[in-house]
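**Q** I'd like to ask you about the structure that follows.
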Amino acid sequence: MGMVIGIAPEHIAQYKTLHANVWDAVLDRLRASNITNYSIFLREPENLMFSYWEYTGNDFDADNAAIANDPVTREWWSVCGPMQRPLESRAKDEWWASMQEVFHLD
């Protein structure tokens with residue numbers, strides 16, 4: 001899965017620092033929800049972030065809900081969220097805008 005979001009330029013250094021030391025409980029929740037191979041890339045000077053992950057479970061909606069309902073993850077989001085700048089073109093229920101896969105090499 002790939003998604004994109006903007007970031008406020010004044011928060012880039014702090015965002016990088018936070019993500020160099022993601023809280024263990026947040027990582028544990030992602031793993032428990034079958035999220036693997038998760039990366040976030042930054043493109044400057046446009047200040048766009050691209051995230052990529054692989055989902056290995058059988059019920060993405062349930063696993064995604066478990067992430068969203070986790071109190072530690074919600075606290076993490078409260079720290080990181082204000083640094084982010086969601087795209088105006090995102091879907092109504094999205095924070096990070098989903099992207100369509102147009103090529104894949106196995």
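Going through the structure tokens in order, the chains are called A, B, and so on, while each chain numbers its residues from 1 and the ligands are numbered from 1 in the order shown.
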Residues at most 9 Å from Met3 in chain A, counting only C-alpha atoms, excluding those fewer than 2 positions away in the same chain, as a ChimeraX atom specification?
**A** /A:1,5,49-52,96-100
**Q** Those same residues - C-alpha atoms - I'd like them written as a JSON list (two decimals), in the first residue's frame.
**A**
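Writing the result to again_15.json gives the following:
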[["chain", "number", "residue", "atom", "x", "y", "z"],
["A", 1, "MET", "CA", 0.00, 0.00, 0.00],
["A", 5, "ILE", "CA", 0.92, 13.44, 2.70],
["A", 49, "MET", "CA", 6.09, 12.13, 2.38],
["A", 50, "PHE", "CA", 5.39, 8.80, 0.74],
["A", 51, "SER", "CA", 4.66, 5.76, 2.87],
["A", 52, "TYR", "CA", 4.77, 2.16, 1.75],
["A", 96, "TRP", "CA", -2.77, 10.15, 4.30],
["A", 97, "ALA", "CA", -4.03, 10.07, 0.69],
["A", 98, "SER", "CA", -4.16, 6.61, -0.87],
["A", 99, "MET", "CA", -2.29, 5.98, -4.09],
["A", 100, "GLN", "CA", -3.07, 3.61, -6.95]]
**Q** If we count only C-alpha atoms, what is near Met83 in chain A at a cut-off of 12 Å, once residues fewer than 3 positions away on the same chain are taken out, given as a list in words?
**A**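 Residues meeting the cut-off are Ile5, Gly6, Ile7, Ala8, Pro9, Glu10, His11, Ile12, Ala13, Gln14, Tyr15, Lys16, Leu18, Asn47, Leu48, Met49, Trp76, Trp77, Ser78, Val79, Cys80 and Pro86 of chain A.
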**Q** Pick the closest to Val4 in chain A from A:Asp59, A:Asp106, A:Glu54, A:Glu46: which is it, counting only C-alpha atoms?
**A**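 Smallest distance to Val4 in chain A is found for A:Glu46.
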**Q** Between CA of Val26 in chain A and CA of Leu42 in chain A, what is the distance in Å, rounded to a tenth?
**A**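 Atom-to-atom, CA of Val26 in chain A to CA of Leu42 in chain A, that is 20.5 Å.
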**Q** Among chain A, which residues carry a DSSP assignment of alpha helix (DSSP H), reported as a PyMOL selection string?
**A** chain A and resi 12-20+24-32+60-69+71-80
**Q** Those selected residues, please, written with N, CA, C and O atoms and delivered as a short mmCIF file (atom, residue, chain, number, x, y, z; two decimals), in the first residue's frame.
**A**
data_model
loop_
_atom_site.label_atom_id
_atom_site.label_comp_id
_atom_site.auth_asym_id
_atom_site.auth_seq_id
_atom_site.Cartn_x
_atom_site.Cartn_y
_atom_site.Cartn_z
N ILE A 12 10.16 19.18 9.88
CA ILE A 12 10.85 18.05 9.25
C ILE A 12 11.92 17.46 10.17
O ILE A 12 11.97 16.24 10.35
N ALA A 13 12.74 18.28 10.79
CA ALA A 13 13.80 17.75 11.65
C ALA A 13 13.21 16.97 12.82
O ALA A 13 13.68 15.87 13.15
N GLN A 14 12.18 17.50 13.45
CA GLN A 14 11.54 16.82 14.58
C GLN A 14 10.89 15.52 14.13
O GLN A 14 10.97 14.49 14.82
N TYR A 15 10.25 15.53 12.97
CA TYR A 15 9.60 14.34 12.44
C TYR A 15 10.63 13.23 12.19
O TYR A 15 10.41 12.07 12.52
N LYS A 16 11.76 13.61 11.61
CA LYS A 16 12.82 12.64 11.38
C LYS A 16 13.34 12.06 12.70
O LYS A 16 13.58 10.85 12.81
N THR A 17 13.51 12.90 13.70
CA THR A 17 13.97 12.44 15.01
C THR A 17 12.98 11.46 15.62
O THR A 17 13.36 10.40 16.13
N LEU A 18 11.70 11.80 15.59
CA LEU A 18 10.67 10.92 16.13
C LEU A 18 10.69 9.56 15.43
O LEU A 18 10.59 8.52 16.07
N HIS A 19 10.82 9.58 14.12
CA HIS A 19 10.76 8.33 13.36
C HIS A 19 12.05 7.54 13.40
O HIS A 19 12.07 6.36 13.02
N ALA A 20 13.11 8.14 13.88
CA ALA A 20 14.34 7.38 14.13
C ALA A 20 14.22 6.58 15.42
O ALA A 20 15.02 5.68 15.67
N ASP A 24 8.13 1.72 20.90
CA ASP A 24 8.03 0.26 20.76
C ASP A 24 6.58 -0.21 20.69
O ASP A 24 6.26 -1.10 19.91
N ALA A 25 5.71 0.39 21.49
CA ALA A 25 4.30 -0.05 21.51
C ALA A 25 3.62 0.23 20.17
O ALA A 25 2.74 -0.53 19.75
N VAL A 26 4.00 1.30 19.50
CA VAL A 26 3.45 1.61 18.18
C VAL A 26 3.92 0.56 17.17
O VAL A 26 3.12 0.04 16.38
N LEU A 27 5.19 0.23 17.20
CA LEU A 27 5.72 -0.79 16.31
C LEU A 27 5.08 -2.16 16.58
O LEU A 27 4.74 -2.88 15.64
N ASP A 28 4.91 -2.48 17.85
CA ASP A 28 4.29 -3.75 18.22
C ASP A 28 2.86 -3.84 17.68
O ASP A 28 2.43 -4.88 17.19
N ARG A 29 2.11 -2.73 17.77
CA ARG A 29 0.73 -2.71 17.29
C ARG A 29 0.69 -2.90 15.78
O ARG A 29 -0.15 -3.64 15.25
N LEU A 30 1.59 -2.25 15.06
CA LEU A 30 1.65 -2.42 13.61
C LEU A 30 1.92 -3.88 13.25
O LEU A 30 1.25 -4.45 12.39
N ARG A 31 2.90 -4.46 13.92
CA ARG A 31 3.22 -5.87 13.65
C ARG A 31 2.04 -6.78 13.97
O ARG A 31 1.75 -7.72 13.21
N ALA A 32 1.38 -6.52 15.10
CA ALA A 32 0.23 -7.35 15.49
C ALA A 32 -0.92 -7.21 14.49
O ALA A 32 -1.75 -8.12 14.37
N PHE A 60 -8.10 -6.68 6.67
CA PHE A 60 -7.47 -5.37 6.79
C PHE A 60 -8.33 -4.40 7.60
O PHE A 60 -7.81 -3.65 8.43
N ASP A 61 -9.64 -4.42 7.39
CA ASP A 61 -10.50 -3.49 8.13
C ASP A 61 -10.38 -3.71 9.64
O ASP A 61 -10.27 -2.75 10.40
N ALA A 62 -10.39 -4.95 10.08
CA ALA A 62 -10.27 -5.25 11.51
C ALA A 62 -8.89 -4.88 12.03
O ALA A 62 -8.75 -4.29 13.11
N ASP A 63 -7.84 -5.21 11.28
CA ASP A 63 -6.49 -4.88 11.70
C ASP A 63 -6.27 -3.37 11.73
O ASP A 63 -5.64 -2.84 12.64
N ASN A 64 -6.81 -2.67 10.75
CA ASN A 64 -6.70 -1.22 10.72
C ASN A 64 -7.46 -0.58 11.88
O ASN A 64 -6.99 0.38 12.49
N ALA A 65 -8.63 -1.12 12.20
CA ALA A 65 -9.40 -0.63 13.35
C ALA A 65 -8.64 -0.84 14.66
O ALA A 65 -8.67 0.01 15.54
N ALA A 66 -7.96 -1.97 14.78
CA ALA A 66 -7.17 -2.23 15.99
C ALA A 66 -6.06 -1.20 16.14
O ALA A 66 -5.77 -0.75 17.25
N ILE A 67 -5.44 -0.81 15.03
CA ILE A 67 -4.42 0.24 15.08
C ILE A 67 -5.06 1.55 15.51
O ILE A 67 -4.57 2.23 16.42
N ALA A 68 -6.17 1.91 14.88
CA ALA A 68 -6.83 3.19 15.17
C ALA A 68 -7.37 3.27 16.59
O ALA A 68 -7.47 4.37 17.15
N ASN A 69 -7.70 2.14 17.19
CA ASN A 69 -8.25 2.13 18.54
C ASN A 69 -7.21 1.97 19.63
O ASN A 69 -7.53 2.03 20.82
N PRO A 71 -4.60 3.01 22.22
CA PRO A 71 -4.35 4.29 22.88
C PRO A 71 -2.94 4.84 22.66
O PRO A 71 -2.76 6.06 22.53
N VAL A 72 -1.94 3.98 22.62
CA VAL A 72 -0.56 4.47 22.42
C VAL A 72 -0.40 4.99 20.99
O VAL A 72 0.22 6.03 20.77
N THR A 73 -0.97 4.27 20.03
CA THR A 73 -0.90 4.74 18.64
C THR A 73 -1.62 6.07 18.49
O THR A 73 -1.14 6.98 17.81
N ARG A 74 -2.76 6.22 19.16
CA ARG A 74 -3.49 7.49 19.09
C ARG A 74 -2.66 8.63 19.69
O ARG A 74 -2.66 9.76 19.18
N GLU A 75 -1.93 8.34 20.75
CA GLU A 75 -1.04 9.36 21.33
C GLU A 75 0.08 9.70 20.34
O GLU A 75 0.43 10.88 20.17
N TRP A 76 0.66 8.68 19.69
CA TRP A 76 1.69 8.90 18.67
C TRP A 76 1.15 9.81 17.56
O TRP A 76 1.80 10.74 17.13
N TRP A 77 -0.07 9.51 17.12
CA TRP A 77 -0.68 10.33 16.08
C TRP A 77 -0.90 11.77 16.54
O TRP A 77 -0.78 12.70 15.75
N SER A 78 -1.21 11.94 17.83
CA SER A 78 -1.42 13.31 18.34
C SER A 78 -0.12 14.12 18.33
O SER A 78 -0.15 15.35 18.25
N VAL A 79 1.01 13.43 18.40
CA VAL A 79 2.32 14.10 18.32
C VAL A 79 2.68 14.37 16.85
O VAL A 79 3.08 15.48 16.49
N CYS A 80 2.52 13.37 16.00
CA CYS A 80 2.94 13.49 14.60
C CYS A 80 1.93 14.22 13.72
O CYS A 80 2.32 14.92 12.78
#
**Q** Record the distance separating CA of Gly2 in chain A and CA of Glu101 in chain A, expressed in Å with one decimal.
**A**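 Pair CA of Gly2 in chain A / CA of Glu101 in chain A returns 7.6 Å.
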